[in-house]
Amino acid sequence: MTKHSLFLSLLIGSVTQAVGQTVIQGNTLFLDLQTRKSSTKEVKAQLGHRYRAEKTVSVGTALTTDGTCIATKTVTGISLRYPARGLTCYINTNTTKRRMGLALIAFDSTANVSSAKGIQPGKHRFSDVLAQYGPIDFEKKDNSLPAAREMSNEEGQWFTVLVFPTIRFISSGRKQSGENLLLRPVTGIWLENQY
């Protein structure tokens, strides 16, 4: 291999790695899509029609007039899963006008995406997040942000989450007693504008 062909192969290799990776602009905007602002139509126009749709169901309880407690299920939206892109868009369809549209963009560890400060799911740890976004009091009990929290989904999966105002860094599994949370891998990023 000549010196020129080695340089060319290195150059092409570095370009290939950078091409296709999408940066979440300002930690709120992904390919012109923004939570609480984009519609279902805009999501499909931007991401395409190669998705798997599922209904999003809210489960609650209600008290009947005779005092019996019953479970209630309400369809509140849809999720559009784009497995080839490593992301899912959650869209509210049955809520107030203020809450209509794109509610959450969830990127998994296969997504070729980076936060505005360079954090990538599947490639970084919580220590990298804190180095870029600032410290978090892991013992904080109030609801102010930033914060570290535990969350679960409808399937009963638990996550440890570093929560910032518009972006969340996800790590699979609950916190363990005595665990060094700085070593946890970032297995996902969620965009969710809470304000």
# chains A, B, ... in the order shown; residues from 1 in each chain; ligands from 1
call {"tool": "select_by_dssp", "arguments": {"residues": "region 74-188 of chain A", "states": "alpha helix (DSSP H)", "output": "JSON, numbers by chain"}}
result
{"A": [126, 127, 128, 129, 130, 131, 132, 133]}
call {"tool": "residues_around", "arguments": {"residues": "region 176-189 of chain A", "least_positions_apart": "5", "cutoff": "8 Å", "atoms": "only C-alpha atoms", "output": "list in words"}}
result
Ala106, Phe107, Asp108, Ser109, Gln120, Pro121, Gly122, Lys123, His124, Arg125, Phe126, Ser127, Ile167, Arg168, Phe169, Ile170 and Ser171 of chain A
call {"tool": "write_last_selection", "arguments": {"atoms": "C-alpha atoms", "output": "PDB file, in the first residue's frame"}}
result
ATOM      1  CA  ALA A 106     -36.229   7.691  22.732  1.00  0.00           C
ATOM      2  CA  PHE A 107     -32.877   6.645  21.238  1.00  0.00           C
ATOM      3  CA  ASP A 108     -31.432   3.238  22.111  1.00  0.00           C
ATOM      4  CA  SER A 109     -27.792   2.126  22.071  1.00  0.00           C
ATOM      5  CA  GLN A 120     -23.542   8.911  22.445  1.00  0.00           C
ATOM      6  CA  PRO A 121     -25.682   6.009  23.665  1.00  0.00           C
ATOM      7  CA  GLY A 122     -23.727   2.779  23.753  1.00  0.00           C
ATOM      8  CA  LYS A 123     -20.383   4.616  23.805  1.00  0.00           C
ATOM      9  CA  HIS A 124     -20.283   6.758  26.947  1.00  0.00           C
ATOM     10  CA  ARG A 125     -20.734   6.436  30.704  1.00  0.00           C
ATOM     11  CA  PHE A 126     -22.496   8.573  33.301  1.00  0.00           C
ATOM     12  CA  SER A 127     -19.082  10.036  34.222  1.00  0.00           C
ATOM     13  CA  ILE A 167     -32.703  15.564  27.764  1.00  0.00           C
ATOM     14  CA  ARG A 168     -32.327  12.355  29.766  1.00  0.00           C
ATOM     15  CA  PHE A 169     -29.421   9.918  29.787  1.00  0.00           C
ATOM     16  CA  ILE A 170     -30.596   6.354  30.400  1.00  0.00           C
ATOM     17  CA  SER A 171     -28.844   3.317  31.858  1.00  0.00           C
TER      18      SER A 171
END
call {"tool": "atom_distance", "arguments": {"atom1": "CA of Arg149 (chain A)", "atom2": "CA of Thr28 (chain A)"}}
result
20.2 Å
call {"tool": "select_by_dssp", "arguments": {"residues": "region 94-161 of chain A", "states": "strand (DSSP E or B)", "output": "list in words"}}
result
Gly101, Leu102, Ala103, Leu104, Ile105, Ala106, Phe107, Asp108, Val113, Ser114, Arg125, Ala147, Ala148, Arg149, Glu150, Met151, Ser152, Trp158, Phe159, Thr160 and Val161 of chain A
call {"tool": "closest_residue", "arguments": {"among": "A:Ile24, A:Ala147, A:Leu33, A:Val43", "to": "Val113 (chain A)", "atoms": "only C-alpha atoms"}}
result
A:Ile24
call {"tool": "atom_distance", "arguments": {"atom1": "CA of Gly156 (chain A)", "atom2": "CA of Cys69 (chain A)"}}
result
22.6 Å
call {"tool": "atom_distance", "arguments": {"atom1": "CA of Gly173 (chain A)", "atom2": "CA of Glu154 (chain A)"}}
result
14.4 Å
